[in-house]
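Chemist: Data file input.cif (mmCIF, C-alpha atoms and all ligand atoms) is appended below.
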data_input
#
loop_
_atom_site.label_atom_id
_atom_site.label_comp_id
_atom_site.auth_asym_id
_atom_site.auth_seq_id
_atom_site.Cartn_x
_atom_site.Cartn_y
_atom_site.Cartn_z
CA MET A 15 -55.40 13.02 -2.15
CA SER A 16 -52.79 15.67 -1.47
CA ILE A 17 -49.65 14.73 0.36
CA GLU A 18 -48.61 16.65 3.46
CA ARG A 19 -45.04 17.84 2.98
CA LEU A 20 -42.55 19.24 5.47
CA SER A 21 -40.44 22.18 4.42
CA THR A 22 -36.69 21.82 4.86
CA GLY A 23 -36.32 25.50 5.62
CA ILE A 24 -34.57 25.92 2.27
CA LYS A 25 -37.12 27.20 -0.21
CA GLU A 26 -35.11 26.35 -3.31
CA PHE A 27 -34.62 22.82 -2.06
CA ASP A 28 -38.32 22.42 -1.30
CA ASN A 29 -38.96 23.37 -4.91
CA LEU A 30 -36.96 20.35 -6.05
CA VAL A 31 -39.35 18.00 -4.22
CA GLU A 32 -42.79 19.44 -4.87
CA GLY A 33 -42.73 21.58 -1.74
CA GLY A 34 -41.08 19.38 0.86
CA ILE A 35 -40.52 15.94 2.29
CA PRO A 36 -43.68 13.82 2.62
CA ARG A 37 -44.74 13.42 6.23
CA GLY A 38 -43.68 10.12 7.77
CA PHE A 39 -40.84 9.47 5.33
CA LEU A 40 -37.40 8.21 6.20
CA VAL A 41 -34.96 10.04 3.94
CA ALA A 42 -31.27 9.18 3.67
CA VAL A 43 -28.92 12.16 3.51
CA VAL A 44 -25.64 10.93 2.11
CA GLY A 45 -22.32 12.38 1.05
CA GLU A 46 -18.68 12.95 1.73
CA PRO A 47 -17.27 14.95 4.67
CA GLY A 48 -17.92 18.67 4.70
CA THR A 49 -20.51 18.65 1.96
CA GLY A 50 -23.31 20.13 4.07
CA LYS A 51 -25.25 17.14 5.40
CA THR A 52 -25.29 18.33 9.00
CA ILE A 53 -26.16 21.91 8.11
CA PHE A 54 -28.98 20.69 5.84
CA CYS A 55 -30.37 18.59 8.69
CA MET A 56 -30.09 21.49 11.12
CA SER A 57 -32.08 23.63 8.74
CA PHE A 58 -34.80 20.96 8.68
CA ILE A 59 -34.90 21.02 12.49
CA ASN A 60 -34.87 24.81 12.66
CA LYS A 61 -37.84 24.89 10.30
CA GLY A 62 -39.57 22.39 12.57
CA ILE A 63 -38.99 24.67 15.53
CA LEU A 64 -40.42 27.62 13.59
CA GLU A 65 -43.46 25.60 12.56
CA GLY A 66 -44.16 24.38 16.09
CA ASP A 67 -43.17 20.76 15.43
CA LEU A 68 -41.49 18.61 18.05
CA ASN A 69 -37.87 17.89 17.22
CA VAL A 70 -35.25 15.33 18.09
CA TYR A 71 -31.66 15.56 16.88
CA VAL A 72 -29.30 12.65 17.48
CA THR A 73 -25.64 13.53 17.08
CA THR A 74 -22.90 10.92 16.88
CA GLU A 75 -20.15 12.92 15.16
CA GLU A 76 -20.26 16.15 17.11
CA SER A 77 -21.17 17.06 20.67
CA ARG A 78 -24.46 18.73 21.52
CA GLU A 79 -22.54 21.96 22.22
CA SER A 80 -20.95 21.86 18.79
CA ILE A 81 -24.35 21.46 17.11
CA ILE A 82 -25.81 24.36 19.10
CA LYS A 83 -22.80 26.56 18.29
CA GLN A 84 -22.92 25.74 14.57
CA ALA A 85 -26.66 26.46 14.46
CA LYS A 86 -26.08 29.82 16.12
CA GLN A 87 -23.81 30.85 13.23
CA PHE A 88 -26.83 30.71 10.98
CA GLY A 89 -29.09 32.53 13.42
CA TRP A 90 -30.90 29.38 14.57
CA ASN A 91 -31.52 29.38 18.30
CA PHE A 92 -31.48 25.75 19.41
CA ASP A 93 -30.89 26.69 23.07
CA ASN A 94 -34.21 28.47 23.13
CA ALA A 95 -36.02 25.53 21.56
CA ILE A 96 -34.51 23.15 24.13
CA ASN A 97 -35.63 25.40 26.98
CA ASN A 98 -39.11 25.66 25.45
CA GLY A 99 -39.48 21.89 25.24
CA LYS A 100 -39.52 21.83 21.44
CA LEU A 101 -36.13 20.22 20.86
CA ILE A 102 -34.12 17.42 22.43
CA ILE A 103 -30.56 16.84 21.25
CA ILE A 104 -29.42 13.31 22.04
CA ASP A 105 -25.64 13.34 22.36
CA ALA A 106 -24.14 10.01 21.34
CA LEU A 107 -20.60 11.32 21.13
CA MET A 108 -19.70 12.38 24.63
CA GLY A 109 -21.21 9.34 26.37
CA LEU A 110 -21.98 11.22 29.57
CA SER A 111 -23.70 8.87 31.96
CA ASP A 112 -25.16 11.66 34.11
CA ASP A 113 -26.85 13.28 31.11
CA PRO A 114 -30.34 11.87 30.48
CA TRP A 115 -30.14 12.75 26.78
CA SER A 116 -26.89 11.01 26.08
CA LEU A 117 -26.12 7.59 24.63
CA THR A 118 -23.24 5.71 26.18
CA SER A 119 -22.92 3.21 23.33
CA LEU A 120 -23.76 3.05 19.66
CA ASP A 121 -26.43 0.39 20.09
CA ILE A 122 -29.43 0.52 17.78
CA GLU A 123 -31.91 -0.65 20.40
CA ASP A 124 -30.72 1.95 22.89
CA LEU A 125 -31.01 4.55 20.16
CA VAL A 126 -34.59 3.70 19.27
CA ASN A 127 -35.62 3.54 22.94
CA LYS A 128 -33.99 6.86 23.70
CA ILE A 129 -35.75 8.53 20.76
CA ILE A 130 -39.12 7.17 21.90
CA GLU A 131 -38.41 8.45 25.40
CA ALA A 132 -37.60 11.85 23.90
CA LYS A 133 -40.85 11.87 21.95
CA LYS A 134 -42.84 10.99 25.05
CA THR A 135 -41.15 13.86 26.88
CA LEU A 136 -41.87 16.33 24.08
CA GLY A 137 -45.49 15.28 23.91
CA TYR A 138 -48.10 14.73 21.24
CA GLY A 139 -47.78 16.27 17.81
CA ARG A 140 -46.06 16.31 14.43
CA ALA A 141 -42.42 15.48 14.88
CA ARG A 142 -39.11 15.68 13.08
CA LEU A 143 -36.11 13.49 13.70
CA VAL A 144 -32.53 13.74 12.53
CA ILE A 145 -30.06 10.92 13.10
CA ASP A 146 -26.60 12.30 12.30
CA SER A 147 -25.35 9.78 11.54
CA LEU A 148 -27.20 6.50 11.37
CA SER A 149 -24.26 4.84 9.65
CA ALA A 150 -22.27 5.26 12.89
CA PHE A 151 -24.44 2.48 14.32
CA TRP A 152 -23.28 -0.08 11.76
CA LEU A 153 -19.69 1.11 11.44
CA ASP A 154 -18.23 -2.16 12.71
CA LYS A 155 -20.97 -4.33 11.20
CA PRO A 156 -21.88 -3.03 7.75
CA ALA A 157 -23.98 -6.10 7.02
CA MET A 158 -26.53 -4.73 9.51
CA ALA A 159 -27.17 -1.51 7.60
CA ARG A 160 -30.35 -2.71 5.98
CA LYS A 161 -31.80 -4.25 9.10
CA TYR A 162 -31.05 -1.22 11.25
CA SER A 163 -32.52 1.17 8.70
CA TYR A 164 -35.62 -0.98 8.59
CA VAL A 165 -36.01 -1.03 12.37
CA VAL A 166 -35.61 2.72 12.58
CA LYS A 167 -38.17 3.29 9.85
CA ARG A 168 -40.73 0.77 11.07
CA VAL A 169 -40.65 1.70 14.74
CA LEU A 170 -40.14 5.44 14.58
CA SER A 171 -42.56 6.33 11.80
CA ARG A 172 -45.26 5.02 14.15
CA TRP A 173 -44.27 7.75 16.59
CA GLY A 174 -45.15 10.51 14.16
CA PHE A 175 -41.64 11.28 12.97
CA THR A 176 -40.45 12.42 9.60
CA ILE A 177 -36.84 11.31 9.56
CA LEU A 178 -33.57 12.45 8.01
CA ALA A 179 -30.90 9.77 8.46
CA VAL A 180 -27.35 10.77 7.58
CA SER A 181 -25.14 8.13 6.05
CA GLN A 182 -21.46 8.69 5.39
CA TYR A 183 -18.57 7.43 3.30
CA ALA A 184 -20.30 7.88 -0.01
CA VAL A 185 -17.34 7.38 -2.30
CA THR A 186 -19.55 5.62 -4.79
CA THR A 187 -23.20 4.75 -4.75
CA SER A 188 -22.57 1.16 -3.82
CA LEU A 189 -20.46 2.08 -0.83
CA GLY A 190 -22.33 5.16 0.14
CA PHE A 191 -25.25 3.62 1.89
CA GLY A 192 -23.59 0.73 3.60
CA PHE A 193 -25.47 -1.95 1.64
CA GLY A 194 -29.02 -1.31 2.48
CA ILE A 195 -30.36 2.02 3.55
CA GLU A 196 -30.88 3.06 -0.07
CA HIS A 197 -33.68 0.56 -0.58
CA ILE A 198 -35.31 1.04 2.79
CA ALA A 199 -35.28 4.83 2.60
CA ASP A 200 -38.24 6.61 1.02
CA GLY A 201 -35.85 9.18 -0.35
CA ILE A 202 -32.17 9.78 -1.00
CA ILE A 203 -30.59 13.23 -0.93
CA ARG A 204 -27.03 13.03 -2.14
CA PHE A 205 -24.41 15.69 -1.40
CA ARG A 206 -21.13 15.71 -3.27
CA ARG A 207 -18.05 17.82 -3.69
CA ALA A 208 -15.46 18.51 -6.33
CA VAL A 209 -12.53 20.79 -6.86
CA ILE A 210 -13.16 22.75 -10.02
CA GLY A 211 -10.69 25.37 -11.23
CA GLY A 212 -8.87 25.11 -7.91
CA GLU A 213 -12.00 25.78 -5.90
CA LEU A 214 -14.06 23.48 -3.71
CA LYS A 215 -17.62 23.25 -4.90
CA ARG A 216 -20.54 21.47 -3.30
CA PHE A 217 -23.55 19.96 -4.98
CA VAL A 218 -26.81 18.30 -4.11
CA MET A 219 -29.02 15.92 -6.04
CA VAL A 220 -32.31 14.27 -5.14
CA GLU A 221 -31.69 10.69 -6.20
CA LYS A 222 -34.98 9.31 -4.96
CA MET A 223 -38.19 10.62 -3.39
CA ARG A 224 -41.13 8.29 -3.42
CA GLN A 225 -44.54 9.74 -4.38
CA THR A 226 -42.79 12.80 -5.81
CA GLN A 227 -41.91 14.06 -9.24
CA HIS A 228 -38.60 15.38 -8.03
CA ASP A 229 -36.00 17.42 -9.86
CA LEU A 230 -33.39 15.24 -11.55
CA ARG A 231 -30.62 17.77 -11.89
CA MET A 232 -27.57 18.39 -9.78
CA HIS A 233 -27.57 21.81 -8.12
CA GLU A 234 -24.66 23.74 -6.74
CA VAL A 235 -24.82 24.44 -3.01
CA ASP A 236 -23.37 27.29 -0.97
CA ILE A 237 -23.01 27.58 2.79
CA LEU A 238 -23.17 31.15 4.07
CA SER A 239 -22.71 32.58 7.54
CA ASN A 240 -25.89 34.04 9.05
CA ILE A 241 -27.95 32.34 6.33
CA GLY A 242 -27.21 28.63 6.11
CA LEU A 243 -27.28 26.37 3.11
CA ILE A 244 -28.53 27.75 -0.15
CA ILE A 245 -29.24 26.04 -3.44
CA LYS A 246 -27.95 27.72 -6.54
CA ARG A 247 -28.78 27.04 -10.16
CA PRO A 248 -28.54 23.58 -11.70
CA THR A 249 -24.96 22.84 -12.58
CA LYS A 250 -23.69 22.26 -16.06
CA TYR A 251 -21.23 19.68 -14.81
CA ARG A 252 -22.05 16.11 -15.55
CA ARG A 253 -21.97 13.50 -12.88
CA GLU A 254 -18.93 11.91 -14.53
CA ASP A 255 -17.03 15.19 -14.30
CA LEU A 256 -17.29 15.07 -10.53
CA ALA A 257 -16.66 11.38 -9.98
CA LEU A 258 -13.37 9.86 -8.99
CA PRO A 259 -11.41 8.23 -11.83
CA ARG A 260 -12.83 4.85 -12.78
CA ASP A 261 -9.83 2.78 -11.78
CA VAL A 262 -9.76 4.44 -8.35
CA VAL A 263 -13.43 3.66 -7.79
CA LYS A 264 -12.88 0.07 -8.87
CA LYS A 265 -10.05 -0.37 -6.40
CA ILE A 266 -12.09 1.11 -3.56
CA ILE A 267 -15.06 -1.13 -4.30
CA GLU A 268 -12.88 -4.21 -4.43
CA SER A 269 -11.20 -3.52 -1.13
CA GLU A 270 -14.54 -2.65 0.45
CA LYS A 271 -16.13 -5.88 -0.82
CA LYS A 272 -13.27 -7.85 0.63
CA LYS A 273 -13.64 -6.09 3.95
CA GLN A 274 -17.40 -6.68 4.06
CA LEU A 275 -17.03 -10.34 3.23
CA GLU A 276 -14.44 -10.74 5.94
CA LEU A 277 -16.73 -9.05 8.43
CA PHE A 278 -19.70 -11.07 7.31
CA PHE A 279 -18.00 -14.42 7.71
CA SER A 280 -16.01 -13.54 10.82
N1 LIG B 1 -20.49 29.82 9.56
C1 LIG B 1 -20.17 29.26 8.40
N2 LIG B 1 -20.12 29.99 7.27
C2 LIG B 1 -19.81 29.43 6.10
N3 LIG B 1 -19.54 28.14 5.92
C3 LIG B 1 -19.59 27.36 7.00
C4 LIG B 1 -19.91 27.87 8.30
N4 LIG B 1 -19.89 26.85 9.16
C5 LIG B 1 -19.55 25.75 8.46
N5 LIG B 1 -19.37 26.04 7.16
C6 LIG B 1 -19.00 25.11 6.08
O1 LIG B 1 -19.74 23.93 6.27
C7 LIG B 1 -18.85 22.81 6.24
C8 LIG B 1 -19.37 21.74 7.18
O2 LIG B 1 -20.64 21.32 6.73
P1 LIG B 1 -21.36 20.09 7.44
O3 LIG B 1 -20.97 20.06 8.88
O4 LIG B 1 -22.80 20.19 7.14
O5 LIG B 1 -20.69 18.88 6.68
P2 LIG B 1 -21.07 17.33 6.74
O6 LIG B 1 -21.48 16.92 5.39
O7 LIG B 1 -22.03 17.12 7.85
O8 LIG B 1 -19.65 16.66 7.08
P3 LIG B 1 -19.30 15.40 8.00
O9 LIG B 1 -19.63 14.17 7.21
O10 LIG B 1 -17.84 15.53 8.23
O11 LIG B 1 -20.07 15.52 9.26
C9 LIG B 1 -17.54 23.35 6.70
O12 LIG B 1 -16.48 22.54 6.21
C10 LIG B 1 -17.54 24.75 6.12
O13 LIG B 1 -17.07 24.70 4.79
MG MG B 2 -21.86 16.15 9.71
#
Show how you would write the structure in this file as structure tokens.

Modeler:
Amino acid sequence: MSIERLSTGIKEFDNLVEGGIPRGFLVAVVGEPGTGKTIFCMSFINKGILEGDLNVYVTTEESRESIIKQAKQFGWNFDNAINNGKLIIIDALMGLSDDPWSLTSLDIEDLVNKIIEAKKTLGYGRARLVIDSLSAFWLDKPAMARKYSYVVKRVLSRWGFTILAVSQYAVTTSLGFGFGIEHIADGIIRFRRAVIGGELKRFVMVEKMRQTQHDLRMHEVDILSNIGLIIKRPTKYRREDLALPRDVVKKIIESEKKKQLELFFS
């Protein structure tokens, strides 16, 4: 049986995952600030628009206007898609109560209900969903990461969505996914950054993709005006070359553990 796969709009990335993301999957997109998570997700949505899919984009870190403006820089017309009933951007940053596609609090139940409402409004058909970021919903309760990811996956995959869920603060693997999304997710796409020879470089690696013989190498990434995110050749750098020093990582993990325990028992 062949698996239906959704293109990300980035041909070289699709090649890393046998042509695209399997339909119905929940994939975690993780990484540090400025590494390209949002632009990658926008590309996935833009491809959905081009392919006639129905699209929902939840934004917690940037306003709807900021997302539309950023997309425009790559030649992706989100305004048009909104007007044509192919895209709904749910703004969870501005908290505007008079805006029907706005969330006034970062509550997981409200989020899921709002997304279902959006899907009902868009109509019947193959759908794409981006939640940028899902980790915003468990910011003050990291112990809920696993449960929330599970709810999102279980409920929303029934509504025909293929989902990219952004998760932040990926200093190390154990911190990166807020204790849970990594096991729930059907796939993990990990963005990273490093300063090499005085220059900021970005990388991407597919760390997990169920039902897929995915590429195991780290690839360098570029972000280009009018084009978007492109995948370059596999990098010769080893993972260790790009990691923080061991003792730094250890300290971060210890302080994070302490924080999580305090939260858990408070
Ligand atoms: N028009 C453009 N041309 C080239 N590079 C751009 C352009 N717009 C943005 N960028 C680059 O993309 C970066 C932002 O990428 P993106 O918003 O996808 O990051 P992110 O991983 O989502 O970060 P965060 O976790 O902070 O949301 C900018 O820091 C800049 O380097
Ligand atoms: Mg972002």

Chemist: Near Ser239 in chain A, within 9 Å and counting all atoms listed in the file, which residues show up once chain neighbours fewer than 4 positions away are dropped, as a short mmCIF file (atom, residue, chain, number, x, y, z; two decimals) with C-alpha atoms, in the frame of the given file?

Modeler:
data_model
loop_
_atom_site.label_atom_id
_atom_site.label_comp_id
_atom_site.auth_asym_id
_atom_site.auth_seq_id
_atom_site.Cartn_x
_atom_site.Cartn_y
_atom_site.Cartn_z
CA GLN A 87 -23.81 30.85 13.23
CA PHE A 88 -26.83 30.71 10.98
CA GLY A 89 -29.09 32.53 13.42
CA LEU A 243 -27.28 26.37 3.11
#

Chemist: Can I get the residues of chain A within 7 Å of ligand MG 2 (chain B), each with the closest pair of atoms and their distance in Å to one decimal, using all atoms listed in the file, sorted chain first then ascending number, as JSON lines?

Modeler:
{"residue": "A:Pro47", "atom": "CA", "partner": "B:MG2", "partner_atom": "MG", "distance": 6.9}
{"residue": "A:Gly48", "atom": "CA", "partner": "B:MG2", "partner_atom": "MG", "distance": 6.9}
{"residue": "A:Lys51", "atom": "CA", "partner": "B:MG2", "partner_atom": "MG", "distance": 5.6}
{"residue": "A:Thr52", "atom": "CA", "partner": "B:MG2", "partner_atom": "MG", "distance": 4.1}
{"residue": "A:Glu75", "atom": "CA", "partner": "B:MG2", "partner_atom": "MG", "distance": 6.6}
{"residue": "A:Asp146", "atom": "CA", "partner": "B:MG2", "partner_atom": "MG", "distance": 6.6}

Chemist: Tell me, in Å to one decimal, how far CA of Ile198 in chain A is from CA of Leu148 in chain A.

Modeler: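 Atom-to-atom, CA of Ile198 in chain A and CA of Leu148 in chain A are spaced 13.0 Å apart.
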
Chemist: If we count all atoms listed in the file and set the cut-off at 10 Å, which residues sit around range 113-123 of chain A, ignoring sequence neighbours fewer than 5 positions away in its own chain? Please answer as a list in words.

Modeler: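 Residues meeting the cut-off are Val72, Thr73, Thr74, Ser77, Arg78, Ile102, Ile103, Ile104, Asp105, Ala106, Leu107, Met108, Lys128, Ile129, Glu131, Ala132, Leu148, Ala150, Phe151, Trp152, Leu153, Tyr162, Ser163, Val165 and Val166 of chain A.
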
Chemist: Go through the chains and note each residue within 10 Å of ligand LIG 1 (chain B), using all atoms listed in the file, then give the set as a PyMOL selection string.

Modeler: chain A and resi 43-56+73-76+81+83-89+146-147+180-184+205-207+214-216+236-243

Chemist: Between A:Pro36, A:Gly211, A:Pro248, A:Gly139, single out the one closest to Thr176 in chain A, counting all atoms listed in the file.

Modeler: A:Pro36

Chemist: Neighbours of His228 in chain A within 10 Å (only C-alpha atoms; same-chain residues fewer than 2 positions away dropped), as a PDB file with C-alpha atoms, keeping the file's coordinate frame?

Modeler:
ATOM      1  CA  ASP A  28     -38.320  22.420  -1.300  1.00  0.00           C
ATOM      2  CA  ASN A  29     -38.960  23.370  -4.910  1.00  0.00           C
ATOM      3  CA  LEU A  30     -36.960  20.350  -6.050  1.00  0.00           C
ATOM      4  CA  VAL A  31     -39.350  18.000  -4.220  1.00  0.00           C
ATOM      5  CA  GLU A  32     -42.790  19.440  -4.870  1.00  0.00           C
ATOM      6  CA  GLY A  33     -42.730  21.580  -1.740  1.00  0.00           C
ATOM      7  CA  MET A 219     -29.020  15.920  -6.040  1.00  0.00           C
ATOM      8  CA  VAL A 220     -32.310  14.270  -5.140  1.00  0.00           C
ATOM      9  CA  GLU A 221     -31.690  10.690  -6.200  1.00  0.00           C
ATOM     10  CA  LYS A 222     -34.980   9.310  -4.960  1.00  0.00           C
ATOM     11  CA  MET A 223     -38.190  10.620  -3.390  1.00  0.00           C
ATOM     12  CA  ARG A 224     -41.130   8.290  -3.420  1.00  0.00           C
ATOM     13  CA  GLN A 225     -44.540   9.740  -4.380  1.00  0.00           C
ATOM     14  CA  THR A 226     -42.790  12.800  -5.810  1.00  0.00           C
ATOM     15  CA  LEU A 230     -33.390  15.240 -11.550  1.00  0.00           C
ATOM     16  CA  ARG A 231     -30.620  17.770 -11.890  1.00  0.00           C
TER      17      ARG A 231
END

Chemist: Hey, can you check how far CA of Ile244 in chain A sits from CA of Met232 in chain A?

Modeler: 13.5 Å

Chemist: How far is it from CA of Trp90 in chain A to CA of Ser57 in chain A, in Å with one decimal?

Modeler: 8.3 Å

Chemist: Quick one: residues within 9 Å of (-42.1, 24.0, 19.2) (file frame), counting all atoms listed in the file, please, as a list in words.

Modeler: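 Output of the proximity query reads Gly62, Ile63, Leu64, Glu65, Gly66, Asp67, Leu68, Asn69, Ala95, Asn98, Gly99, Lys100 and Leu101 of chain A.
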
Chemist: List as a compact mmCIF listing (two decimals) with C-alpha atoms, in the coordinates of the input the protein and nucleic acid residues near Val144 in chain A, meaning an atom at most 7 Å away when only C-alpha atoms are counted, but skip any in the same chain fewer than 6 places from it.

Modeler:
# COMPACT_ATOMS: atom_id res chain seq x y z
CA CYS A 55 -30.37 18.59 8.69
CA VAL A 70 -35.25 15.33 18.09
CA TYR A 71 -31.66 15.56 16.88
CA VAL A 72 -29.30 12.65 17.48
CA ILE A 177 -36.84 11.31 9.56
CA LEU A 178 -33.57 12.45 8.01
CA ALA A 179 -30.90 9.77 8.46

Chemist: So that I can see what lies close to Val41 in chain A, please list as a compact mmCIF listing (two decimals) with C-alpha atoms, in the coordinates of the input the residues with an atom at most 6 Å from it, counting all atoms listed in the file and leaving out residues fewer than 6 positions away in the same chain.

Modeler:
# COMPACT_ATOMS: atom_id res chain seq x y z
CA LEU A 178 -33.57 12.45 8.01
CA ALA A 199 -35.28 4.83 2.60
CA ASP A 200 -38.24 6.61 1.02
CA GLY A 201 -35.85 9.18 -0.35
CA ILE A 202 -32.17 9.78 -1.00

Chemist: Counting only C-alpha atoms, which residue out of A:Asp112, A:Glu18, A:Tyr164, A:Asn60 sits closest to Ile96 in chain A?

Modeler: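 Nearest to Ile96 in chain A: A:Asn60.
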